[in-house]
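Undergrad: You'll find coords.cif just under this line, and it carries mmCIF, C-alpha atoms and all ligand atoms.
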data_model
#
loop_
_atom_site.label_atom_id
_atom_site.label_comp_id
_atom_site.auth_asym_id
_atom_site.auth_seq_id
_atom_site.Cartn_x
_atom_site.Cartn_y
_atom_site.Cartn_z
CA ASN A 1 -36.51 18.36 -9.71
CA LYS A 2 -33.72 20.69 -8.59
CA GLN A 3 -30.61 20.47 -10.75
CA ILE A 4 -27.19 22.12 -10.87
CA HIS A 5 -26.10 23.12 -14.37
CA LEU A 6 -22.72 24.24 -15.63
CA ASP A 7 -23.56 27.80 -16.64
CA ASN A 8 -20.18 29.01 -17.92
CA ARG A 9 -16.58 27.78 -17.99
CA PRO A 10 -13.85 28.88 -15.58
CA THR A 11 -11.07 31.08 -16.94
CA GLY A 12 -8.68 30.39 -14.04
CA GLU A 13 -9.79 28.82 -10.77
CA ALA A 14 -13.29 27.33 -10.79
CA GLU A 15 -15.85 29.55 -9.02
CA LEU A 16 -19.38 29.33 -7.65
CA SER A 17 -20.58 31.58 -10.49
CA ASN A 18 -19.73 28.82 -12.99
CA PHE A 19 -22.72 26.86 -11.66
CA LYS A 20 -26.44 27.59 -11.67
CA LEU A 21 -29.35 26.08 -9.73
CA VAL A 22 -32.27 25.25 -12.02
CA VAL A 23 -35.65 23.69 -11.29
CA GLY A 24 -36.34 21.22 -14.09
CA GLU A 25 -39.18 18.92 -15.05
CA THR A 26 -39.10 15.17 -14.53
CA PRO A 27 -40.48 13.60 -17.72
CA ALA A 28 -42.99 10.73 -17.66
CA LEU A 29 -41.35 7.30 -18.01
CA ALA A 30 -41.18 5.46 -21.32
CA ASP A 31 -40.86 1.67 -21.58
CA ASP A 32 -37.66 0.28 -19.97
CA GLN A 33 -37.02 3.49 -18.05
CA VAL A 34 -36.81 3.86 -14.29
CA LEU A 35 -37.03 6.92 -12.06
CA VAL A 36 -34.34 7.10 -9.38
CA ARG A 37 -34.51 9.37 -6.36
CA HIS A 38 -30.90 10.26 -5.60
CA HIS A 39 -29.74 9.93 -2.00
CA TYR A 40 -26.11 10.96 -2.54
CA LEU A 41 -24.19 12.73 -5.29
CA SER A 42 -20.53 11.92 -5.78
CA LEU A 43 -18.13 14.87 -6.06
CA ASP A 44 -14.88 13.90 -7.75
CA PRO A 45 -11.70 15.77 -8.73
CA TYR A 46 -11.98 14.70 -12.40
CA MET A 47 -15.06 16.91 -12.72
CA ARG A 48 -12.79 19.96 -12.69
CA GLY A 49 -11.25 18.87 -16.01
CA ARG A 50 -14.68 18.44 -17.54
CA MET A 51 -15.56 22.07 -16.77
CA ASN A 52 -13.00 23.13 -19.43
CA ASP A 53 -13.59 22.69 -23.14
CA SER A 54 -10.00 21.71 -23.87
CA LYS A 55 -9.16 18.22 -25.12
CA SER A 56 -8.90 15.61 -22.40
CA TYR A 57 -9.59 11.92 -21.90
CA ALA A 58 -13.20 12.69 -20.91
CA ALA A 59 -15.63 14.74 -22.98
CA SER A 60 -16.25 18.19 -21.57
CA GLN A 61 -19.45 18.92 -19.66
CA PRO A 62 -21.97 20.68 -21.94
CA LEU A 63 -23.12 24.12 -20.78
CA GLY A 64 -26.72 24.56 -19.67
CA GLN A 65 -27.21 20.89 -18.76
CA THR A 66 -27.25 18.94 -15.51
CA PHE A 67 -23.69 18.55 -14.25
CA GLN A 68 -22.77 14.92 -14.82
CA GLY A 69 -21.57 12.62 -12.06
CA GLY A 70 -22.04 9.42 -10.10
CA THR A 71 -25.10 8.95 -7.90
CA VAL A 72 -26.64 6.42 -5.56
CA GLY A 73 -30.32 6.25 -4.80
CA GLU A 74 -33.54 4.33 -4.79
CA VAL A 75 -35.90 3.33 -7.58
CA VAL A 76 -39.21 5.16 -7.04
CA GLU A 77 -40.93 4.21 -10.31
CA SER A 78 -40.08 1.49 -12.81
CA ARG A 79 -41.09 0.44 -16.31
CA HIS A 80 -38.19 -2.01 -16.56
CA PRO A 81 -38.71 -5.68 -15.59
CA LYS A 82 -35.34 -5.99 -13.80
CA PHE A 83 -35.79 -2.99 -11.49
CA ALA A 84 -38.44 -2.72 -8.78
CA VAL A 85 -39.53 0.18 -6.62
CA GLY A 86 -37.28 0.25 -3.54
CA ASP A 87 -34.18 -1.18 -5.26
CA LYS A 88 -30.98 0.59 -4.19
CA VAL A 89 -28.94 1.52 -7.25
CA VAL A 90 -25.66 3.10 -8.37
CA GLY A 91 -25.76 5.15 -11.53
CA PHE A 92 -24.53 8.26 -13.27
CA GLY A 93 -27.53 10.50 -12.68
CA GLY A 94 -25.72 13.83 -12.26
CA TRP A 95 -26.32 16.73 -9.90
CA GLN A 96 -30.11 16.53 -9.64
CA GLU A 97 -32.66 15.19 -7.20
CA TYR A 98 -34.25 12.66 -9.57
CA GLY A 99 -32.86 10.90 -12.61
CA VAL A 100 -34.65 9.09 -15.45
CA VAL A 101 -32.54 6.17 -16.63
CA ASP A 102 -32.79 4.03 -19.77
CA ALA A 103 -32.14 0.87 -17.82
CA ASN A 104 -31.66 -1.23 -20.95
CA GLN A 105 -28.30 0.31 -21.72
CA PRO A 106 -25.53 -1.88 -20.31
CA GLY A 107 -23.86 -0.64 -17.13
CA VAL A 108 -25.92 2.53 -16.61
CA LEU A 109 -27.66 1.30 -13.48
CA ARG A 110 -26.47 -1.35 -11.02
CA LYS A 111 -28.41 -2.79 -8.10
CA VAL A 112 -26.41 -2.92 -4.86
CA ASP A 113 -26.77 -4.76 -1.57
CA THR A 114 -26.74 -2.46 1.47
CA THR A 115 -26.84 -5.22 4.11
CA HIS A 116 -23.14 -4.91 5.01
CA VAL A 117 -22.03 -1.88 3.02
CA PRO A 118 -23.79 1.48 3.47
CA LEU A 119 -25.25 2.90 0.24
CA SER A 120 -22.95 5.93 0.18
CA HIS A 121 -19.80 3.77 0.15
CA TYR A 122 -20.74 2.58 -3.35
CA LEU A 123 -19.60 6.03 -4.53
CA GLY A 124 -16.30 5.75 -2.63
CA ALA A 125 -14.43 2.75 -1.26
CA VAL A 126 -16.71 0.20 -2.97
CA GLY A 127 -17.08 2.26 -6.12
CA MET A 128 -15.05 4.13 -8.71
CA PRO A 129 -12.40 5.56 -6.31
CA GLY A 130 -11.83 2.16 -4.68
CA VAL A 131 -11.39 0.47 -8.05
CA THR A 132 -8.97 3.24 -9.01
CA ALA A 133 -6.78 2.40 -6.02
CA TRP A 134 -7.05 -1.31 -6.80
CA TYR A 135 -6.03 -0.89 -10.45
CA GLY A 136 -2.99 1.28 -9.72
CA LEU A 137 -1.84 -1.01 -6.93
CA VAL A 138 -2.49 -4.42 -8.46
CA LYS A 139 -1.96 -3.80 -12.18
CA ILE A 140 0.73 -1.09 -12.20
CA ILE A 141 2.68 -1.21 -8.92
CA ALA A 142 2.15 -5.00 -8.57
CA PRO A 143 3.83 -5.08 -5.14
CA LYS A 144 5.56 -7.91 -3.35
CA ALA A 145 5.05 -8.39 0.39
CA GLY A 146 7.58 -6.34 2.35
CA GLU A 147 7.94 -3.58 -0.25
CA THR A 148 7.48 0.09 0.72
CA LEU A 149 4.70 2.03 -1.00
CA VAL A 150 3.82 5.73 -0.78
CA VAL A 151 0.50 7.39 -1.65
CA THR A 152 -0.51 11.08 -1.72
CA ALA A 153 -3.97 12.39 -0.71
CA ALA A 154 -3.82 9.41 1.65
CA SER A 155 -6.92 10.26 3.72
CA GLY A 156 -9.11 10.65 0.63
CA ALA A 157 -11.40 8.28 -1.20
CA VAL A 158 -8.71 6.73 -3.40
CA GLY A 159 -5.82 7.01 -0.92
CA SER A 160 -7.63 5.32 1.97
CA ALA A 161 -8.63 2.37 -0.19
CA PHE A 162 -5.07 2.11 -1.50
CA GLY A 163 -3.77 1.80 2.06
CA ALA A 164 -6.11 -1.03 3.00
CA LEU A 165 -5.42 -2.94 -0.22
CA ALA A 166 -1.65 -2.53 0.17
CA LYS A 167 -1.68 -3.60 3.84
CA ALA A 168 -3.64 -6.71 2.82
CA ARG A 169 -0.71 -7.56 0.53
CA GLY A 170 1.87 -7.26 3.31
CA CYS A 171 3.43 -3.96 2.25
CA ARG A 172 4.79 -1.09 4.31
CA VAL A 173 2.50 1.82 3.43
CA VAL A 174 3.33 5.48 3.96
CA GLY A 175 0.74 8.17 3.36
CA ILE A 176 1.14 11.86 2.63
CA ALA A 177 -1.72 14.15 3.66
CA GLY A 178 -2.52 17.74 4.60
CA GLY A 179 -2.61 18.48 8.34
CA PRO A 180 -2.26 16.63 11.65
CA ASP A 181 -5.90 15.43 11.84
CA LYS A 182 -5.75 13.76 8.44
CA CYS A 183 -2.36 12.19 9.27
CA LYS A 184 -3.64 10.87 12.60
CA TYR A 185 -6.63 9.28 10.87
CA VAL A 186 -4.35 7.73 8.22
CA THR A 187 -2.16 5.97 10.80
CA ASP A 188 -4.62 5.34 13.66
CA GLU A 189 -7.82 4.44 11.77
CA LEU A 190 -6.60 3.32 8.37
CA GLY A 191 -3.57 1.42 9.69
CA PHE A 192 -0.87 3.01 7.52
CA ASP A 193 2.66 2.55 8.93
CA ALA A 194 3.40 6.28 8.80
CA CYS A 195 1.96 9.51 7.43
CA ILE A 196 3.78 12.70 6.45
CA ASP A 197 2.03 16.06 6.78
CA TYR A 198 3.12 17.88 3.61
CA ARG A 199 2.21 21.24 5.11
CA GLN A 200 5.10 20.71 7.56
CA HIS A 201 7.36 19.88 4.59
CA PRO A 202 6.58 22.49 1.95
CA ASP A 203 9.64 22.00 -0.30
CA VAL A 204 11.54 19.18 -2.00
CA LYS A 205 14.42 19.13 0.49
CA SER A 206 12.26 18.94 3.59
CA MET A 207 9.83 16.41 2.05
CA SER A 208 12.68 14.23 0.86
CA ALA A 209 14.16 14.21 4.40
CA ALA A 210 10.76 13.23 5.83
CA LEU A 211 10.46 10.44 3.25
CA LYS A 212 13.93 9.16 4.13
CA GLU A 213 12.86 8.82 7.75
CA ALA A 214 9.50 7.19 6.95
CA CYS A 215 10.94 4.90 4.25
CA PRO A 216 14.33 3.72 5.53
CA ASP A 217 14.51 1.03 2.81
CA GLY A 218 13.60 3.45 0.00
CA ILE A 219 10.39 3.49 -2.05
CA ASP A 220 9.37 0.61 -4.34
CA GLY A 221 5.97 1.88 -5.44
CA TYR A 222 4.38 5.31 -5.60
CA PHE A 223 0.71 6.05 -6.19
CA GLU A 224 0.48 9.66 -7.35
CA ASN A 225 -2.67 11.69 -6.72
CA VAL A 226 -1.29 15.21 -6.34
CA GLY A 227 1.80 16.08 -8.44
CA GLY A 228 4.27 18.93 -7.98
CA TYR A 229 7.17 19.06 -5.54
CA ILE A 230 6.05 15.93 -3.67
CA LEU A 231 6.65 13.88 -6.83
CA ASP A 232 10.15 15.38 -7.05
CA ALA A 233 10.88 14.46 -3.44
CA VAL A 234 9.64 10.91 -4.04
CA LEU A 235 11.88 10.59 -7.14
CA LEU A 236 14.88 11.24 -4.87
CA ARG A 237 13.94 8.25 -2.68
CA LEU A 238 12.94 5.66 -5.29
CA ASN A 239 14.64 2.30 -5.41
CA ALA A 240 15.85 0.79 -8.67
CA PHE A 241 12.95 -0.71 -10.66
CA ALA A 242 10.34 1.24 -8.71
CA ARG A 243 6.84 1.59 -10.21
CA ILE A 244 4.76 4.76 -10.30
CA ALA A 245 0.99 4.61 -10.85
CA LEU A 246 0.11 8.08 -12.14
CA CYS A 247 -3.50 8.44 -11.06
CA GLY A 248 -4.05 12.15 -10.54
CA MET A 249 -2.33 15.53 -10.27
CA ILE A 250 -4.90 17.51 -8.35
CA ALA A 251 -2.39 20.25 -7.42
CA GLY A 252 -2.55 21.33 -11.08
CA TYR A 253 -6.27 20.98 -11.88
CA ASP A 254 -6.97 24.71 -11.57
CA GLY A 255 -4.19 25.43 -14.05
CA GLN A 256 -1.17 25.62 -11.71
CA PRO A 257 2.17 24.59 -13.31
CA LEU A 258 3.74 21.39 -11.92
CA PRO A 259 7.43 21.40 -12.91
CA ILE A 260 9.65 18.39 -12.14
CA GLN A 261 13.31 18.98 -11.28
CA ASN A 262 14.60 15.41 -11.16
CA PRO A 263 13.32 13.56 -14.27
CA THR A 264 16.68 11.88 -14.96
CA LEU A 265 16.12 9.80 -11.81
CA LEU A 266 13.40 7.98 -13.74
CA LEU A 267 16.09 6.75 -16.09
CA ILE A 268 18.82 6.17 -13.53
CA ASN A 269 16.46 4.00 -11.44
CA ARG A 270 14.83 2.27 -14.47
CA VAL A 271 11.42 3.35 -13.17
CA LYS A 272 8.15 2.24 -14.73
CA LEU A 273 5.67 5.12 -14.80
CA GLU A 274 2.16 4.54 -16.09
CA GLY A 275 -0.83 6.84 -16.22
CA PHE A 276 -4.28 5.26 -16.26
CA ILE A 277 -7.99 6.01 -16.34
CA VAL A 278 -10.09 3.61 -14.32
CA SER A 279 -13.12 3.71 -16.64
CA GLU A 280 -10.97 2.21 -19.42
CA HIS A 281 -10.45 -0.97 -17.40
CA MET A 282 -13.98 -2.19 -16.77
CA GLU A 283 -12.70 -5.79 -16.89
CA VAL A 284 -11.18 -5.48 -13.40
CA TRP A 285 -14.20 -3.87 -11.70
CA PRO A 286 -15.97 -7.06 -10.52
CA GLU A 287 -12.83 -8.50 -8.92
CA ALA A 288 -11.82 -5.18 -7.39
CA LEU A 289 -15.31 -4.40 -6.05
CA LYS A 290 -15.50 -7.84 -4.47
CA GLU A 291 -12.26 -7.34 -2.54
CA LEU A 292 -13.17 -3.76 -1.57
CA GLY A 293 -16.65 -4.81 -0.41
CA THR A 294 -15.14 -7.50 1.80
CA LEU A 295 -12.61 -5.06 3.30
CA VAL A 296 -15.42 -2.64 4.21
CA ALA A 297 -17.84 -5.32 5.43
CA THR A 298 -15.16 -6.81 7.70
CA GLY A 299 -14.07 -3.43 9.10
CA LYS A 300 -10.58 -3.61 7.55
CA LEU A 301 -11.30 -0.45 5.58
CA ARG A 302 -13.16 2.28 7.44
CA PRO A 303 -13.63 5.06 4.90
CA ARG A 304 -14.46 8.56 6.05
CA GLU A 305 -16.95 10.80 4.31
CA SER A 306 -17.45 14.57 4.11
CA ILE A 307 -21.15 15.12 3.58
CA ALA A 308 -22.66 18.40 2.39
CA GLU A 309 -26.45 18.59 2.83
CA GLY A 310 -28.77 19.68 0.03
CA ILE A 311 -28.17 20.00 -3.70
CA GLU A 312 -27.60 23.76 -3.38
CA LYS A 313 -24.37 22.96 -1.52
CA ALA A 314 -22.84 20.86 -4.32
CA PRO A 315 -20.80 23.62 -6.05
CA GLU A 316 -19.33 24.94 -2.79
CA ALA A 317 -18.44 21.42 -1.60
CA PHE A 318 -16.86 20.68 -4.98
CA LEU A 319 -14.65 23.80 -4.87
CA GLY A 320 -13.66 22.79 -1.32
CA LEU A 321 -12.61 19.34 -2.56
CA LEU A 322 -10.16 20.98 -4.98
CA LYS A 323 -8.59 22.79 -2.01
CA GLY A 324 -8.44 19.80 0.35
CA LYS A 325 -11.29 21.01 2.58
CA ASN A 326 -12.88 17.56 2.40
CA PHE A 327 -11.84 14.87 4.84
CA GLY A 328 -12.52 11.57 3.07
CA LYS A 329 -14.94 10.96 0.22
CA GLN A 330 -16.87 14.14 -0.62
CA LEU A 331 -20.60 13.55 -1.05
CA VAL A 332 -23.76 15.60 -1.20
CA LYS A 333 -26.70 14.16 0.70
CA LEU A 334 -30.06 15.03 -0.77
CA VAL A 335 -32.64 15.69 1.91
P1 LIG A 401 -9.83 12.89 -2.35
O1 LIG A 401 -10.94 12.33 -1.52
O2 LIG A 401 -8.46 12.41 -2.10
O3 LIG A 401 -9.89 14.46 -2.24
C1 LIG A 401 -8.93 15.26 -2.87
C2 LIG A 401 -7.73 15.49 -1.91
O4 LIG A 401 -6.66 15.99 -2.67
C3 LIG A 401 -7.99 16.57 -0.89
O5 LIG A 401 -8.66 16.10 0.24
C4 LIG A 401 -6.58 17.01 -0.53
O6 LIG A 401 -6.07 16.19 0.51
C5 LIG A 401 -5.81 16.71 -1.81
N1 LIG A 401 -5.40 17.96 -2.45
C6 LIG A 401 -6.17 18.87 -3.05
N2 LIG A 401 -5.42 19.87 -3.52
C7 LIG A 401 -4.16 19.58 -3.19
C8 LIG A 401 -2.92 20.24 -3.40
N3 LIG A 401 -2.84 21.39 -4.04
N4 LIG A 401 -1.81 19.64 -2.93
C9 LIG A 401 -1.89 18.47 -2.25
N5 LIG A 401 -3.04 17.82 -2.04
C10 LIG A 401 -4.15 18.36 -2.51
O7 LIG A 401 -10.18 12.68 -3.88
P2 LIG A 401 -10.22 11.28 -4.67
O8 LIG A 401 -9.75 10.21 -3.77
O9 LIG A 401 -11.53 11.17 -5.31
O10 LIG A 401 -9.14 11.49 -5.82
C11 LIG A 401 -7.75 11.44 -5.55
C12 LIG A 401 -6.98 11.58 -6.85
O11 LIG A 401 -7.27 10.48 -7.69
C13 LIG A 401 -7.29 12.84 -7.65
O12 LIG A 401 -6.09 13.33 -8.19
C14 LIG A 401 -8.19 12.31 -8.76
O13 LIG A 401 -8.16 13.12 -9.89
C15 LIG A 401 -7.58 10.95 -8.98
N6 LIG A 401 -8.47 9.99 -9.63
C16 LIG A 401 -8.05 9.43 -10.80
C17 LIG A 401 -8.79 8.47 -11.43
C18 LIG A 401 -8.26 7.82 -12.65
O14 LIG A 401 -8.98 7.05 -13.28
N7 LIG A 401 -7.02 8.09 -13.03
C19 LIG A 401 -10.10 8.07 -10.90
C20 LIG A 401 -10.44 8.67 -9.62
C21 LIG A 401 -9.64 9.61 -9.03
P3 LIG A 401 -4.98 16.78 1.51
O15 LIG A 401 -5.66 17.74 2.39
O16 LIG A 401 -4.45 15.58 2.20
O17 LIG A 401 -3.99 17.43 0.62
#
Could you render the structure as structure tokens?

TA:
Amino acid sequence: NKQIHLDNRPTGEAELSNFKLVVGETPALADDQVLVRHHYLSLDPYMRGRMNDSKSYAASQPLGQTFQGGTVGEVVESRHPKFAVGDKVVGFGGWQEYGVVDANQPGVLRKVDTTHVPLSHYLGAVGMPGVTAWYGLVKIIAPKAGETLVVTAASGAVGSAFGALAKARGCRVVGIAGGPDKCKYVTDELGFDACIDYRQHPDVKSMSAALKEACPDGIDGYFENVGGYILDAVLLRLNAFARIALCGMIAGYDGQPLPIQNPTLLLINRVKLEGFIVSEHMEVWPEALKELGTLVATGKLRPRESIAEGIEKAPEAFLGLLKGKNFGKQLVKLV
């Protein structure tokens, strides 16, 4: 059972040498346990925070243990009455080929139906990132039809789901993404009304001009995934009583400072700004997953995936995700 462990903690940017490939044993099953063969590992930006030992909303990843994270796979052995060999499941098995799960604990393992939704999408659009988009949109931004919404990292797992959910509510949706290919995908495949390539607009002034053009009626809702100067540029274009769902600030996860120049605009425009962590709102997951599953099954949300092959590739693919090398949900396929 090949596993990736966190070997040591980063001092600045995360590096390959922080991780270590280990070949571990798979213990025999006890009562109520199941053995899952992982098909895909989920790589997610929040994992960067867990590599540090500083205080955060999530406990830090222990050194010398399998790196924790979401997984999808197939039950290959079962001593639990509710799980049978062949069941497709979503869990939190970590970066390893096989996981032993105490299936009695609530929520640790969920059976999924792959008839209309491919298994891998349960780690993306019809999983945690999709619910994240749903929560920020529905519970924080709470848009009315006709309002203009902006989202950063628009081509990614969360951003793409946000676009589909917002279009379904009759909003004008503008994405911000890195590079012409990502922007083309955001408008042509995901159906956003416009997409701004931030690499063409690398400062507040230029980004704010691009936002003015893409959002002629101003911005009513902003879903923040990145942080930094883009947030400043958005603040300059907000309408009165705008709502900001503060979901992520990936531009700062490797320790980069993210100063804001225009905070008084939050006051002047009576803006509501709310940070949130999706795992603290389990009550919305069933409703959100139902809507997201329908959007994918009916082709209204066509999520992209970046797939690295083999567990050995997980650290490299993860570091790439923090630099925007992924295009869509970053996964590792275990072969
Ligand atoms: P994505 O699939 O969007 O991948 C990350 C993307 O971030 C990259 O593709 C890149 O897109 C962009 N990015 C990376 N570095 C930078 C940078 N320096 N400046 C601008 N963009 C950058 O990841 P997810 O959809 O999984 O996550 C998106 C955000 O949502 C993250 O901030 C994550 O932490 C947050 N999140 C928060 C949750 C919560 O509960 N609050 C839960 C899940 C996710 P591009 O090339 O377009 O820049």

Undergrad: Interatomic distance between atom CA of Val72 of chain A and atom CA of Leu165 of chain A?

TA: 23.8 Å

Undergrad: When the cut-off is 6 Å and you count all atoms listed in the file, which residues lie near ligand LIG 401 (chain A), shown as number ranges by chain?

TA: A: 44-46, 129, 132, 153, 156-159, 177-178, 225-226, 247-251, 276-278, 321-324, 326-329

Undergrad: Using C-alpha atoms, can you write the selected residues to a file as a compact mmCIF listing (two decimals), in the frame of the given file?

TA:
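Written file, part.txt:
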# COMPACT_ATOMS: atom_id res chain seq x y z
CA ASP A 44 -14.88 13.90 -7.75
CA PRO A 45 -11.70 15.77 -8.73
CA TYR A 46 -11.98 14.70 -12.40
CA PRO A 129 -12.40 5.56 -6.31
CA THR A 132 -8.97 3.24 -9.01
CA ALA A 153 -3.97 12.39 -0.71
CA GLY A 156 -9.11 10.65 0.63
CA ALA A 157 -11.40 8.28 -1.20
CA VAL A 158 -8.71 6.73 -3.40
CA GLY A 159 -5.82 7.01 -0.92
CA ALA A 177 -1.72 14.15 3.66
CA GLY A 178 -2.52 17.74 4.60
CA ASN A 225 -2.67 11.69 -6.72
CA VAL A 226 -1.29 15.21 -6.34
CA CYS A 247 -3.50 8.44 -11.06
CA GLY A 248 -4.05 12.15 -10.54
CA MET A 249 -2.33 15.53 -10.27
CA ILE A 250 -4.90 17.51 -8.35
CA ALA A 251 -2.39 20.25 -7.42
CA PHE A 276 -4.28 5.26 -16.26
CA ILE A 277 -7.99 6.01 -16.34
CA VAL A 278 -10.09 3.61 -14.32
CA LEU A 321 -12.61 19.34 -2.56
CA LEU A 322 -10.16 20.98 -4.98
CA LYS A 323 -8.59 22.79 -2.01
CA GLY A 324 -8.44 19.80 0.35
CA ASN A 326 -12.88 17.56 2.40
CA PHE A 327 -11.84 14.87 4.84
CA GLY A 328 -12.52 11.57 3.07
CA LYS A 329 -14.94 10.96 0.22

Undergrad: Just the residues within 12 Å of Gln96 of chain A, please, counting all atoms listed in the file, with nothing from its chain fewer than 5 positions along; format it as a ChimeraX atom specification.

TA: /A:1-5,20-26,36-42,65-73,310-314,332-335

Undergrad: May I have the protein, DNA and RNA residues with any atom at most 12 Å from the point (8.7, -8.7, -2.4), counting all atoms listed in the file, written as a list in words?

TA: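 The answer, in the requested form, is Ile141, Ala142, Pro143, Lys144, Ala145, Gly146, Glu147, Thr148, Leu149, Arg169, Gly170, Cys171, Arg172, Asp220, Gly221 and Ala242 of chain A.
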
Undergrad: Could you tell me how far atom CA of Lys300 of chain A lies from atom CA of Gly130 of chain A, in Å and to one decimal?

TA: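 So the answer is 13.6 Å.
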
Undergrad: So which one's closest to Val284 of chain A, A:Val138, A:Tyr57, A:Thr114, A:Gln105? Using all atoms listed in the file, please.

TA: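 Closest candidate: A:Val138.
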
Undergrad: Report, in Å to a single decimal, how far apart atom CA of Pro315 of chain A and atom CA of Ala245 of chain A are.

TA: 29.3 Å

Undergrad: For Arg48 of chain A, which of A:Gln261, A:Asn18, A:Gln33, A:Asn239 is the closest residue, counting only C-alpha atoms?

TA: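 The answer is A:Asn18, which sits nearest to Arg48 of chain A.
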
Undergrad: Each residue of segment 79-162 of chain A lying at most 8 Å from segment 184-203 of chain A should get a row with its shortest atom-to-atom pair and the distance in Å to one decimal, counting all atoms listed in the file; could you produce that, ordered by chain and increasing number, as a Markdown table?

TA:
| residue | atom | partner | partner_atom | distance |
| --- | --- | --- | --- | --- |
| A:Ala154 | CA | A:Val186 | CA | 6.8 |
| A:Ser155 | CA | A:Val186 | CA | 5.8 |
| A:Ser160 | CA | A:Leu190 | CA | 6.8 |

Undergrad: Let's have the selection written as a PDB file, in the coordinates of the input, with C-alpha atoms.

TA:
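Result file result-v5.pdb:
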ATOM      1  CA  ALA A 154      -3.820   9.410   1.650  1.00  0.00           C
ATOM      2  CA  SER A 155      -6.920  10.260   3.720  1.00  0.00           C
ATOM      3  CA  SER A 160      -7.630   5.320   1.970  1.00  0.00           C
TER       4      SER A 160
END

Undergrad: Given all atoms listed in the file as the basis, pick out the residue of A:Ile307, A:Val204, A:Val174, A:Leu35 nearest to Phe162 of chain A.

TA: A:Val174

Undergrad: Box for segment 324-327 of chain A - axis-aligned, 6 Å on each of the six sides, all listed atoms - centre and size in Å to one decimal, as lines of an AutoDock Vina configuration file.

TA:
center_x = -10.7
center_y = 17.9
center_z = 2.6
size_x = 16.4
size_y = 18.1
size_z = 16.5

Undergrad: Please provide as a list in words all residues within 9 Å of Ala14 of chain A, with the sequence filter that same-chain residues fewer than 5 positions apart are discarded (counting all atoms listed in the file).

TA: Arg9, Arg48, Met51, Asp254 and Leu319 of chain A

Undergrad: Of the residues A:Val34, A:Phe223, A:Gln256, A:Met128, which is the one nearest to Asn104 of chain A, using only C-alpha atoms?

TA: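 Selected residue with least distance to Asn104 of chain A: A:Val34.
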
Undergrad: Once you count only C-alpha atoms, which residues end up no further than 9 Å from (-8.1, 23.2, -19.0) in the file's frame, shown as an MDAnalysis selection string?

TA: chainID A and resid 10:12 48:56 253:255

Undergrad: Counting only C-alpha atoms, figure out which residue out of A:Tyr135, A:Val151, A:Pro216, A:Ala30 gets nearest to Glu280 of chain A.

TA: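 Among the listed residues, A:Tyr135 lies closest to Glu280 of chain A.
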
Undergrad: Taking into account only C-alpha atoms, which residue in the set A:Lys139, A:Arg79, A:Arg237, A:Lys290 is nearest to Glu274 of chain A?

TA: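 Among the listed residues, A:Lys139 lies closest to Glu274 of chain A.
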
Undergrad: Would you kindly place N, CA and C atoms on segment 159-170 of chain A and return the model as a PDB file, keeping the file's coordinate frame?

TA:
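Result written to rebuild_24.pdb:
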ATOM      1  N   GLY A 159      -6.974   7.283  -1.782  1.00  0.00           N
ATOM      2  CA  GLY A 159      -5.820   7.010  -0.920  1.00  0.00           C
ATOM      3  C   GLY A 159      -6.130   6.045   0.208  1.00  0.00           C
ATOM      4  N   SER A 160      -7.293   6.199   0.843  1.00  0.00           N
ATOM      5  CA  SER A 160      -7.630   5.320   1.970  1.00  0.00           C
ATOM      6  C   SER A 160      -7.824   3.883   1.500  1.00  0.00           C
ATOM      7  N   ALA A 161      -8.441   3.720   0.346  1.00  0.00           N
ATOM      8  CA  ALA A 161      -8.630   2.370  -0.190  1.00  0.00           C
ATOM      9  C   ALA A 161      -7.279   1.763  -0.565  1.00  0.00           C
ATOM     10  N   PHE A 162      -6.404   2.595  -1.130  1.00  0.00           N
ATOM     11  CA  PHE A 162      -5.070   2.110  -1.500  1.00  0.00           C
ATOM     12  C   PHE A 162      -4.352   1.529  -0.276  1.00  0.00           C
ATOM     13  N   GLY A 163      -4.449   2.248   0.839  1.00  0.00           N
ATOM     14  CA  GLY A 163      -3.770   1.800   2.060  1.00  0.00           C
ATOM     15  C   GLY A 163      -4.245   0.431   2.503  1.00  0.00           C
ATOM     16  N   ALA A 164      -5.562   0.248   2.534  1.00  0.00           N
ATOM     17  CA  ALA A 164      -6.110  -1.030   3.000  1.00  0.00           C
ATOM     18  C   ALA A 164      -5.720  -2.166   2.065  1.00  0.00           C
ATOM     19  N   LEU A 165      -5.772  -1.900   0.764  1.00  0.00           N
ATOM     20  CA  LEU A 165      -5.420  -2.940  -0.220  1.00  0.00           C
ATOM     21  C   LEU A 165      -3.941  -3.301  -0.132  1.00  0.00           C
ATOM     22  N   ALA A 166      -3.097  -2.285   0.102  1.00  0.00           N
ATOM     23  CA  ALA A 166      -1.650  -2.530   0.170  1.00  0.00           C
ATOM     24  C   ALA A 166      -1.288  -3.257   1.472  1.00  0.00           C
ATOM     25  N   LYS A 167      -1.943  -2.897   2.575  1.00  0.00           N
ATOM     26  CA  LYS A 167      -1.680  -3.600   3.840  1.00  0.00           C
ATOM     27  C   LYS A 167      -2.073  -5.075   3.703  1.00  0.00           C
ATOM     28  N   ALA A 168      -3.186  -5.317   3.010  1.00  0.00           N
ATOM     29  CA  ALA A 168      -3.640  -6.710   2.820  1.00  0.00           C
ATOM     30  C   ALA A 168      -2.626  -7.528   2.033  1.00  0.00           C
ATOM     31  N   ARG A 169      -1.737  -6.859   1.296  1.00  0.00           N
ATOM     32  CA  ARG A 169      -0.710  -7.560   0.530  1.00  0.00           C
ATOM     33  C   ARG A 169       0.646  -7.548   1.232  1.00  0.00           C
ATOM     34  N   GLY A 170       0.653  -7.167   2.510  1.00  0.00           N
ATOM     35  CA  GLY A 170       1.870  -7.260   3.310  1.00  0.00           C
ATOM     36  C   GLY A 170       2.906  -6.191   3.047  1.00  0.00           C
TER      37      GLY A 170
END
